[in-house]
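For reference, final-v2.cif (mmCIF, C-alpha atoms (C1' of nucleotides)):
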```cif
data_coords
#
loop_
_atom_site.label_atom_id
_atom_site.label_comp_id
_atom_site.auth_asym_id
_atom_site.auth_seq_id
_atom_site.Cartn_x
_atom_site.Cartn_y
_atom_site.Cartn_z
CA MET A 1 4.92 5.93 -0.92
CA ASN A 2 5.22 9.23 -2.64
CA LEU A 3 2.48 11.78 -2.97
CA LEU A 4 4.05 13.27 -6.08
CA THR A 5 5.58 11.19 -8.83
CA ARG A 6 8.74 12.39 -10.47
CA LYS A 7 6.80 13.48 -13.53
CA THR A 8 4.60 15.73 -11.42
CA ASP A 9 7.60 17.12 -9.61
CA TYR A 10 9.45 17.84 -12.87
CA ALA A 11 6.30 19.33 -14.32
CA VAL A 12 5.77 21.75 -11.45
CA LYS A 13 9.35 22.88 -11.47
CA THR A 14 9.27 23.31 -15.21
CA LEU A 15 6.06 25.28 -15.05
CA LEU A 16 7.57 27.53 -12.41
CA THR A 17 10.54 28.21 -14.67
CA ILE A 18 8.32 28.99 -17.63
CA ALA A 19 6.11 31.21 -15.51
CA ARG A 20 9.05 33.24 -14.25
CA SER A 21 10.59 33.81 -17.66
CA LYS A 22 7.76 35.49 -19.48
CA ARG A 23 8.91 34.29 -22.89
CA THR A 24 8.66 31.06 -24.83
CA LEU A 25 11.18 28.40 -23.79
CA SER A 26 12.17 25.35 -25.81
CA ALA A 27 12.57 21.87 -24.38
CA GLN A 28 16.28 22.20 -25.05
CA GLU A 29 16.60 25.37 -22.99
CA LEU A 30 14.57 23.91 -20.15
CA THR A 31 16.64 20.75 -20.16
CA GLU A 32 19.78 22.79 -19.70
CA LYS A 33 18.35 25.14 -17.10
CA LEU A 34 16.88 22.36 -15.00
CA SER A 35 19.26 19.46 -15.72
CA MET A 36 16.44 17.08 -16.36
CA PRO A 37 16.64 14.13 -18.79
CA ARG A 38 15.82 15.64 -22.16
CA ALA A 39 13.62 12.98 -23.71
CA PHE A 40 11.70 12.60 -20.49
CA LEU A 41 11.10 16.32 -20.16
CA ARG A 42 9.98 16.49 -23.78
CA GLY A 43 7.31 13.95 -23.00
CA ILE A 44 6.18 15.89 -19.96
CA LEU A 45 5.98 19.13 -21.94
CA GLN A 46 3.92 17.41 -24.58
CA GLU A 47 1.50 16.14 -21.95
CA LEU A 48 1.20 19.58 -20.39
CA ALA A 49 0.47 21.06 -23.81
CA ALA A 50 -2.09 18.37 -24.58
CA ALA A 51 -3.74 19.09 -21.25
CA GLY A 52 -4.11 22.73 -22.18
CA ILE A 53 -1.77 24.14 -19.56
CA LEU A 54 0.97 25.08 -22.01
CA ASN A 55 0.90 26.71 -25.42
CA SER A 56 3.33 25.15 -27.83
CA SER A 57 4.76 26.45 -31.05
CA ARG A 58 6.92 24.51 -33.48
CA GLY A 59 9.77 25.60 -35.63
CA VAL A 60 13.03 27.42 -35.18
CA SER A 61 12.09 29.75 -32.38
CA GLY A 62 9.31 27.60 -31.01
CA GLY A 63 8.81 26.28 -27.53
CA PHE A 64 6.38 26.42 -24.66
CA SER A 65 4.62 29.15 -22.72
CA LEU A 66 1.86 29.27 -20.13
CA CYS A 67 -1.63 29.04 -21.52
CA ILE A 68 -3.37 29.79 -18.24
CA PRO A 69 -2.51 32.39 -15.59
CA ALA A 70 -0.31 31.00 -12.83
CA GLU A 71 -3.01 31.76 -10.29
CA ARG A 72 -5.26 29.19 -11.88
CA ILE A 73 -2.81 26.30 -12.19
CA THR A 74 -3.14 24.17 -9.07
CA LEU A 75 -0.94 21.37 -7.85
CA ALA A 76 -3.99 19.13 -7.92
CA SER A 77 -4.57 19.82 -11.60
CA VAL A 78 -0.98 18.99 -12.50
CA MET A 79 -1.11 15.78 -10.48
CA LYS A 80 -4.27 14.82 -12.28
CA ILE A 81 -2.43 14.83 -15.59
CA PHE A 82 0.37 12.53 -14.52
CA GLN A 83 -1.20 10.42 -11.76
CA ASP A 84 -4.61 9.12 -12.75
CA LYS A 85 -6.17 8.67 -9.34
CA VAL A 86 -5.35 11.10 -6.61
CA SER A 87 -7.72 9.14 -4.46
CA PHE A 88 -6.52 7.41 -1.35
CA ASN A 89 -8.96 4.65 -0.85
CA GLU A 90 -9.97 2.05 -3.36
CA CYS A 91 -11.88 -0.16 -0.98
CA ILE A 92 -10.96 -3.77 -1.56
CA PHE A 93 -13.81 -5.32 0.30
CA LYS A 94 -16.69 -4.84 -2.05
CA LYS A 95 -19.46 -6.70 -0.35
CA LYS A 96 -17.68 -9.64 1.13
CA ILE A 97 -16.42 -8.21 4.35
CA CYS A 98 -18.09 -4.86 4.63
CA PRO A 99 -21.71 -5.69 3.99
CA ASP A 100 -22.43 -2.01 4.36
CA ARG A 101 -19.55 -0.07 2.89
CA SER A 102 -21.03 3.21 3.96
CA SER A 103 -20.55 2.25 7.58
CA CYS A 104 -16.93 1.04 7.31
CA PRO A 105 -15.03 3.01 9.94
CA LEU A 106 -11.64 2.68 8.27
CA ARG A 107 -13.03 3.87 4.99
CA LYS A 108 -14.57 6.88 6.65
CA GLU A 109 -11.31 7.92 8.21
CA ILE A 110 -9.33 7.50 5.01
CA LEU A 111 -11.87 9.38 2.94
CA SER A 112 -11.78 12.18 5.45
CA ILE A 113 -7.99 12.43 5.28
CA GLU A 114 -8.14 12.18 1.51
CA SER A 115 -10.56 15.02 1.14
CA SER A 116 -8.52 17.33 3.33
CA VAL A 117 -5.37 16.53 1.35
CA ILE A 118 -7.12 17.16 -1.94
CA LYS A 119 -8.46 20.43 -0.61
CA ARG A 120 -4.96 21.56 0.17
CA LEU A 121 -3.60 20.37 -3.17
CA LYS A 122 -6.25 22.45 -4.87
CA SER A 123 -5.29 25.51 -2.88
CA ILE A 124 -1.64 25.40 -3.93
CA THR A 125 -1.13 27.28 -7.18
CA LEU A 126 1.89 28.07 -9.32
CA ALA A 127 1.44 31.67 -8.25
CA SER A 128 1.45 30.83 -4.55
CA LEU A 129 4.56 28.72 -4.99
CA MET A 130 6.30 31.61 -6.70
CA LYS A 131 5.41 34.04 -3.95
CA ASN A 132 6.88 31.83 -1.30
CA ILE A 133 10.35 31.99 -2.77
CA MET B 1 -2.14 6.25 -5.67
CA ASN B 2 -3.36 4.56 -2.56
CA LEU B 3 -2.64 5.67 0.96
CA LEU B 4 -3.09 2.16 2.28
CA THR B 5 -1.78 -0.92 0.52
CA ARG B 6 -3.89 -4.01 0.50
CA LYS B 7 -1.66 -5.60 3.12
CA THR B 8 -2.30 -2.74 5.52
CA ASP B 9 -5.99 -2.85 4.82
CA TYR B 10 -6.16 -6.62 5.39
CA ALA B 11 -4.04 -6.21 8.51
CA VAL B 12 -6.30 -3.60 10.05
CA LYS B 13 -9.42 -5.57 9.35
CA THR B 14 -7.82 -8.71 10.71
CA LEU B 15 -6.67 -6.93 13.84
CA LEU B 16 -10.19 -5.60 14.36
CA THR B 17 -11.57 -9.11 14.13
CA ILE B 18 -9.02 -10.44 16.58
CA ALA B 19 -9.64 -7.56 18.96
CA ARG B 20 -13.37 -8.13 18.97
CA SER B 21 -13.16 -11.86 19.63
CA LYS B 22 -11.20 -11.95 22.84
CA ARG B 23 -9.77 -15.40 22.17
CA THR B 24 -6.97 -16.80 20.04
CA LEU B 25 -7.84 -17.16 16.36
CA SER B 26 -5.98 -19.28 13.83
CA ALA B 27 -5.08 -18.18 10.33
CA GLN B 28 -7.57 -20.74 9.07
CA GLU B 29 -10.43 -19.27 11.06
CA LEU B 30 -9.56 -15.74 10.04
CA THR B 31 -9.34 -16.73 6.39
CA GLU B 32 -12.85 -18.11 6.56
CA LYS B 33 -14.31 -15.25 8.55
CA LEU B 34 -12.79 -12.57 6.33
CA SER B 35 -12.59 -14.33 2.93
CA MET B 36 -9.02 -13.28 2.40
CA PRO B 37 -6.48 -15.33 0.43
CA ARG B 38 -5.13 -17.79 2.96
CA ALA B 39 -1.42 -17.83 2.13
CA PHE B 40 -1.37 -14.07 1.88
CA LEU B 41 -3.09 -13.61 5.22
CA ARG B 42 -0.68 -16.08 6.81
CA GLY B 43 2.18 -13.88 5.72
CA ILE B 44 0.52 -10.79 7.10
CA LEU B 45 -0.13 -12.48 10.44
CA GLN B 46 3.48 -13.55 10.61
CA GLU B 47 4.63 -10.01 10.01
CA LEU B 48 2.28 -8.64 12.65
CA ALA B 49 3.62 -11.19 15.12
CA ALA B 50 7.22 -10.37 14.24
CA ALA B 51 6.44 -6.70 14.76
CA GLY B 52 5.20 -7.42 18.26
CA ILE B 53 1.58 -6.52 17.67
CA LEU B 54 0.31 -10.08 17.83
CA ASN B 55 1.10 -12.98 20.11
CA SER B 56 1.32 -16.26 18.30
CA SER B 57 1.14 -19.80 19.56
CA ARG B 58 1.80 -22.93 17.56
CA GLY B 59 0.21 -26.32 17.71
CA VAL B 60 -3.25 -27.74 17.62
CA SER B 61 -5.16 -24.94 19.30
CA GLY B 62 -2.69 -22.24 18.42
CA GLY B 63 -3.26 -18.98 16.64
CA PHE B 64 -2.98 -15.25 17.15
CA SER B 65 -4.10 -12.78 19.77
CA LEU B 66 -3.45 -9.13 20.48
CA CYS B 67 -0.21 -8.44 22.25
CA ILE B 68 -0.92 -4.76 22.86
CA PRO B 69 -4.14 -3.09 23.98
CA ALA B 70 -6.27 -1.88 21.07
CA GLU B 71 -5.96 1.68 22.31
CA ARG B 72 -2.27 1.64 21.58
CA ILE B 73 -2.30 0.18 18.09
CA THR B 74 -2.41 3.06 15.64
CA LEU B 75 -3.06 3.03 11.93
CA ALA B 76 0.33 4.67 11.46
CA SER B 77 2.10 1.85 13.27
CA VAL B 78 0.42 -0.80 11.13
CA MET B 79 1.27 1.09 7.95
CA LYS B 80 4.86 1.29 9.08
CA ILE B 81 5.12 -2.49 9.09
CA PHE B 82 3.87 -2.99 5.55
CA GLN B 83 4.81 0.25 3.80
CA ASP B 84 8.38 1.24 4.56
CA LYS B 85 8.13 4.94 4.01
CA VAL B 86 4.98 6.74 4.97
CA SER B 87 6.72 9.88 3.84
CA PHE B 88 5.32 11.85 0.94
CA ASN B 89 8.29 13.63 -0.45
CA GLU B 90 11.54 12.08 -1.51
CA CYS B 91 12.99 15.19 -3.10
CA ILE B 92 14.55 14.34 -6.42
CA PHE B 93 16.50 17.51 -6.88
CA LYS B 94 19.35 17.03 -4.52
CA LYS B 95 21.52 20.01 -5.25
CA LYS B 96 21.14 20.39 -8.95
CA ILE B 97 17.98 22.41 -9.19
CA CYS B 98 17.25 23.41 -5.64
CA PRO B 99 20.55 24.81 -4.47
CA ASP B 100 18.93 25.37 -1.13
CA ARG B 101 16.58 22.53 -0.46
CA SER B 102 15.37 24.11 2.72
CA SER B 103 13.88 26.97 0.77
CA CYS B 104 12.10 24.86 -1.87
CA PRO B 105 8.48 26.04 -1.78
CA LEU B 106 7.01 22.84 -3.19
CA ARG B 107 8.89 20.75 -0.68
CA LYS B 108 7.61 22.88 2.15
CA GLU B 109 4.02 22.45 1.10
CA ILE B 110 4.32 18.71 0.68
CA LEU B 111 6.06 18.26 3.98
CA SER B 112 3.35 20.26 5.65
CA ILE B 113 0.62 18.10 4.15
CA GLU B 114 2.58 15.00 5.03
CA SER B 115 2.95 15.90 8.66
CA SER B 116 -0.72 16.62 9.07
CA VAL B 117 -1.61 13.30 7.48
CA ILE B 118 0.80 11.42 9.70
CA LYS B 119 -0.60 13.17 12.72
CA ARG B 120 -4.05 11.94 11.85
CA LEU B 121 -2.83 8.42 11.10
CA LYS B 122 -1.25 8.34 14.53
CA SER B 123 -4.49 9.41 16.15
CA ILE B 124 -6.53 6.57 14.65
CA THR B 125 -6.37 3.48 16.84
CA LEU B 126 -7.91 0.04 16.66
CA ALA B 127 -10.01 1.05 19.62
CA SER B 128 -11.30 4.19 17.97
CA LEU B 129 -12.17 2.24 14.84
CA MET B 130 -14.13 -0.25 16.93
CA LYS B 131 -16.06 2.48 18.69
CA ASN B 132 -17.17 4.02 15.44
CA ILE B 133 -19.03 0.93 14.33
"C1'" DG C 1 13.15 26.17 -51.86
"C1'" DC C 2 15.68 24.16 -48.30
"C1'" DA C 3 18.22 23.34 -44.15
"C1'" DA C 4 17.91 23.82 -39.37
"C1'" DT C 5 15.23 23.70 -35.39
"C1'" DA C 6 11.08 22.60 -32.85
"C1'" DT C 7 7.17 19.98 -31.31
"C1'" DG C 8 3.59 15.73 -32.11
"C1'" DA C 9 2.81 11.05 -31.83
"C1'" DT C 10 4.02 6.78 -30.49
"C1'" DA C 11 6.32 2.66 -29.23
"C1'" DC C 12 9.59 0.44 -26.51
"C1'" DT C 13 12.73 -0.97 -22.41
"C1'" DA C 14 14.27 -1.49 -17.47
"C1'" DC C 15 13.24 -1.41 -12.74
"C1'" DT C 16 10.54 -1.53 -8.67
"C1'" DT C 17 6.64 -2.52 -5.94
"C1'" DA C 18 2.26 -4.61 -4.92
"C1'" DG C 19 -0.22 -8.72 -4.63
"C1'" DG C 20 -0.20 -13.39 -4.09
"C1'" DT C 21 1.47 -18.52 -3.86
"C1'" DA C 22 3.95 -22.51 -2.14
"C1'" DT C 23 6.87 -25.37 0.69
"C1'" DC C 24 9.66 -27.22 4.20
"C1'" DA C 25 10.88 -26.88 9.02
"C1'" DT C 26 9.41 -26.70 13.69
"C1'" DA C 27 6.46 -26.48 17.77
"C1'" DT C 28 2.21 -28.02 20.45
"C1'" DT C 29 -1.58 -30.72 21.78
"C1'" DG C 30 -4.38 -34.92 22.58
"C1'" DC D 1 2.91 -39.95 17.11
"C1'" DA D 2 -0.40 -37.88 14.10
"C1'" DA D 3 -2.79 -33.78 13.38
"C1'" DT D 4 -2.73 -28.96 13.48
"C1'" DA D 5 -0.44 -24.55 13.82
"C1'" DT D 6 2.98 -21.06 13.02
"C1'" DG D 7 8.14 -19.69 11.30
"C1'" DA D 8 11.07 -18.84 7.62
"C1'" DT D 9 11.84 -18.31 3.07
"C1'" DA D 10 11.73 -18.38 -1.80
"C1'" DC D 11 9.21 -17.76 -5.47
"C1'" DC D 12 5.86 -15.69 -9.40
"C1'" DT D 13 3.02 -12.20 -11.97
"C1'" DA D 14 1.03 -7.74 -13.09
"C1'" DA D 15 1.13 -2.95 -12.93
"C1'" DG D 16 3.12 1.37 -12.52
"C1'" DT D 17 7.24 4.46 -12.60
"C1'" DA D 18 11.16 6.28 -14.97
"C1'" DG D 19 13.27 6.96 -18.99
"C1'" DT D 20 14.71 6.35 -24.15
"C1'" DA D 21 14.27 6.60 -29.12
"C1'" DT D 22 12.42 7.57 -33.60
"C1'" DC D 23 9.81 9.19 -37.34
"C1'" DA D 24 6.54 12.63 -38.88
"C1'" DT D 25 5.35 17.38 -39.25
"C1'" DA D 26 5.42 22.39 -38.70
"C1'" DT D 27 8.05 26.97 -38.69
"C1'" DT D 28 11.66 30.15 -39.47
"C1'" DG D 29 15.53 32.43 -41.84
"C1'" DC D 30 18.72 32.54 -45.56
#
```

Show me this structure written as structure tokens.
Amino acid sequence: MNLLTRKTDYAVKTLLTIARSKRTLSAQELTEKLSMPRAFLRGILQELAAAGILNSSRGVSGGFSLCIPAERITLASVMKIFQDKVSFNECIFKKKICPDRSSCPLRKEILSIESSVIKRLKSITLASLMKNI
Amino acid sequence: MNLLTRKTDYAVKTLLTIARSKRTLSAQELTEKLSMPRAFLRGILQELAAAGILNSSRGVSGGFSLCIPAERITLASVMKIFQDKVSFNECIFKKKICPDRSSCPLRKEILSIESSVIKRLKSITLASLMKNI
DNA sequence: GCAATATGATACTACTTAGGTATCATATTG
DNA sequence: CAATATGATACCTAAGTAGTATCATATTGC
């Protein structure tokens, strides 16, 4: 079980690199800097652009740059792009076993853990990650 | 992303049922009580027995019973049986990108979240789940 | 204009894991 | 000895993760 998928991990590290270098970086440059698989990274960059986190420009000196200040890009928001549900508990016992879902003790515990994890994921920003280096 | 797999979820609910009824219950009885797929539940019960959480007895009036007091069966220990790694971060950047893994800011954050989740999972026991009903 | 360089869109493959089934062997009880 | 249980094991299928490949389109500089 992994909290972050590889796409999310790549994405965060790529975003950090872009944030540090204040200029536009192409997929090619990023691939070399970060030694990530090129085609895969291209896809990730495209998704980040589509999600409105990156600006993209085509053509000879094109590439990607941040579209939002680093303070406002959270780990939770990046995860959301690449991992549909950042929820922990998809209760499998609709009505069969737990006649009253709202009273299921296991569910309560998991939801409580989930919400505290999500809270923390929302509090981690690109900017805070950069400071901690 | 789900914190608990279905096997773990079934296992916990099954263990709760066994713990409540102080007698030996067969896979057949449990299947009926809990409306879980029979063959699947059988496998889960076998794994729980192999892990030393359940006693099993064969033959006509055989079945399963708790082998450990409910206070000492934690959610973490059940997860461990069915979900090899309850770790959150399998860092993918061995030495390439993070020359010094120990200083990776993202890794630090994830490990911190992970350890607090594990701590909570260890604190949830069958007994505590039963009390909260 | 045109070649070179970029991204956009999209489709496809390989691998792993989760979820579930089925069967034969073996032990226990009445 | 037949009925009932678990033990061990070998499958199968669907979904998600990780990664590749290609064609279309936009931009820049000569």

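Nearest residue to C:DA9 among A:Ala50, A:Ile73, A:Ala19, A:Ile124 is A:Ala50, counting all atoms listed in the file.
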
What residues in chain B have any atom no more than 10 Å from chain C when counting only C-alpha atoms (C1' of nucleotides), and can you write them as a ChimeraX atom specification? /B:5-7,37-41,57-62

What does the distance between atom CA of B:Ser26 and atom C1' of D:DC12 come to in Å, to one decimal place?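 Interatomic distance here is 26.3 Å.
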
How many Å separate atom CA of B:Lys80 from atom CA of A:Tyr10? 27.9 Å

If the cut-off is 10 Å, can you tell me the residues of chain D near chain A, counting all atoms listed in the file? I'd like them as a PDB file with C-alpha atoms (C1' of nucleotides), in the coordinates of the input.
```pdb
ATOM      1  C1'  DT D  17       7.240   4.460 -12.600  1.00  0.00           C
ATOM      2  C1'  DA D  18      11.160   6.280 -14.970  1.00  0.00           C
ATOM      3  C1'  DG D  19      13.270   6.960 -18.990  1.00  0.00           C
ATOM      4  C1'  DT D  20      14.710   6.350 -24.150  1.00  0.00           C
ATOM      5  C1'  DA D  21      14.270   6.600 -29.120  1.00  0.00           C
ATOM      6  C1'  DT D  25       5.350  17.380 -39.250  1.00  0.00           C
ATOM      7  C1'  DA D  26       5.420  22.390 -38.700  1.00  0.00           C
ATOM      8  C1'  DT D  27       8.050  26.970 -38.690  1.00  0.00           C
ATOM      9  C1'  DT D  28      11.660  30.150 -39.470  1.00  0.00           C
ATOM     10  C1'  DG D  29      15.530  32.430 -41.840  1.00  0.00           C
TER      11       DG D  29
END
```

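The coordinates place atom CA of B:Ser123 at 15.8 Å from atom CA of B:Leu3.
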
Best match for closeness to chain A among B:Arg72, B:Arg42, B:Lys122, B:Lys33, counting only C-alpha atoms: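 Counting only C-alpha atoms, the residue closest to chain A is B:Lys33.
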
Assuming 8 Å of padding per side, give the centre and edge lengths of the axis-aligned box around every listed atom of stretch 106-123 of chain A, in Å to one decimal and as JSON.
```
{"center_x": -9.1, "center_y": 14.1, "center_z": 1.7, "size_x": 27.0, "size_y": 38.8, "size_z": 29.1}
```

Taking the file as shown, what set of residues would the PyMOL selection byres ((chain A and resi 56) around 9) give back, as JSON, numbers by chain? {"A": [24, 45, 46, 49, 54, 55, 57, 58, 62, 63, 64, 65, 66, 67], "C": [7]}

Could you tell me which residues the PyMOL selection byres ((chain B and resi 115) around 12) grabs in this file, written as a count of residues only? 21

Calculated over all atoms listed in the file, which of the candidates B:Cys104, B:Ala11, B:Met79, B:Ile68 has the smallest distance to chain A?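 Looking at the shortest contact to chain A, the residue is B:Cys104.
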
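Comparing B:Met1, B:Leu16, B:Ile44, B:Ala27 by their smallest distance to A:Pro105, the closest is B:Leu16 (using all atoms listed in the file).
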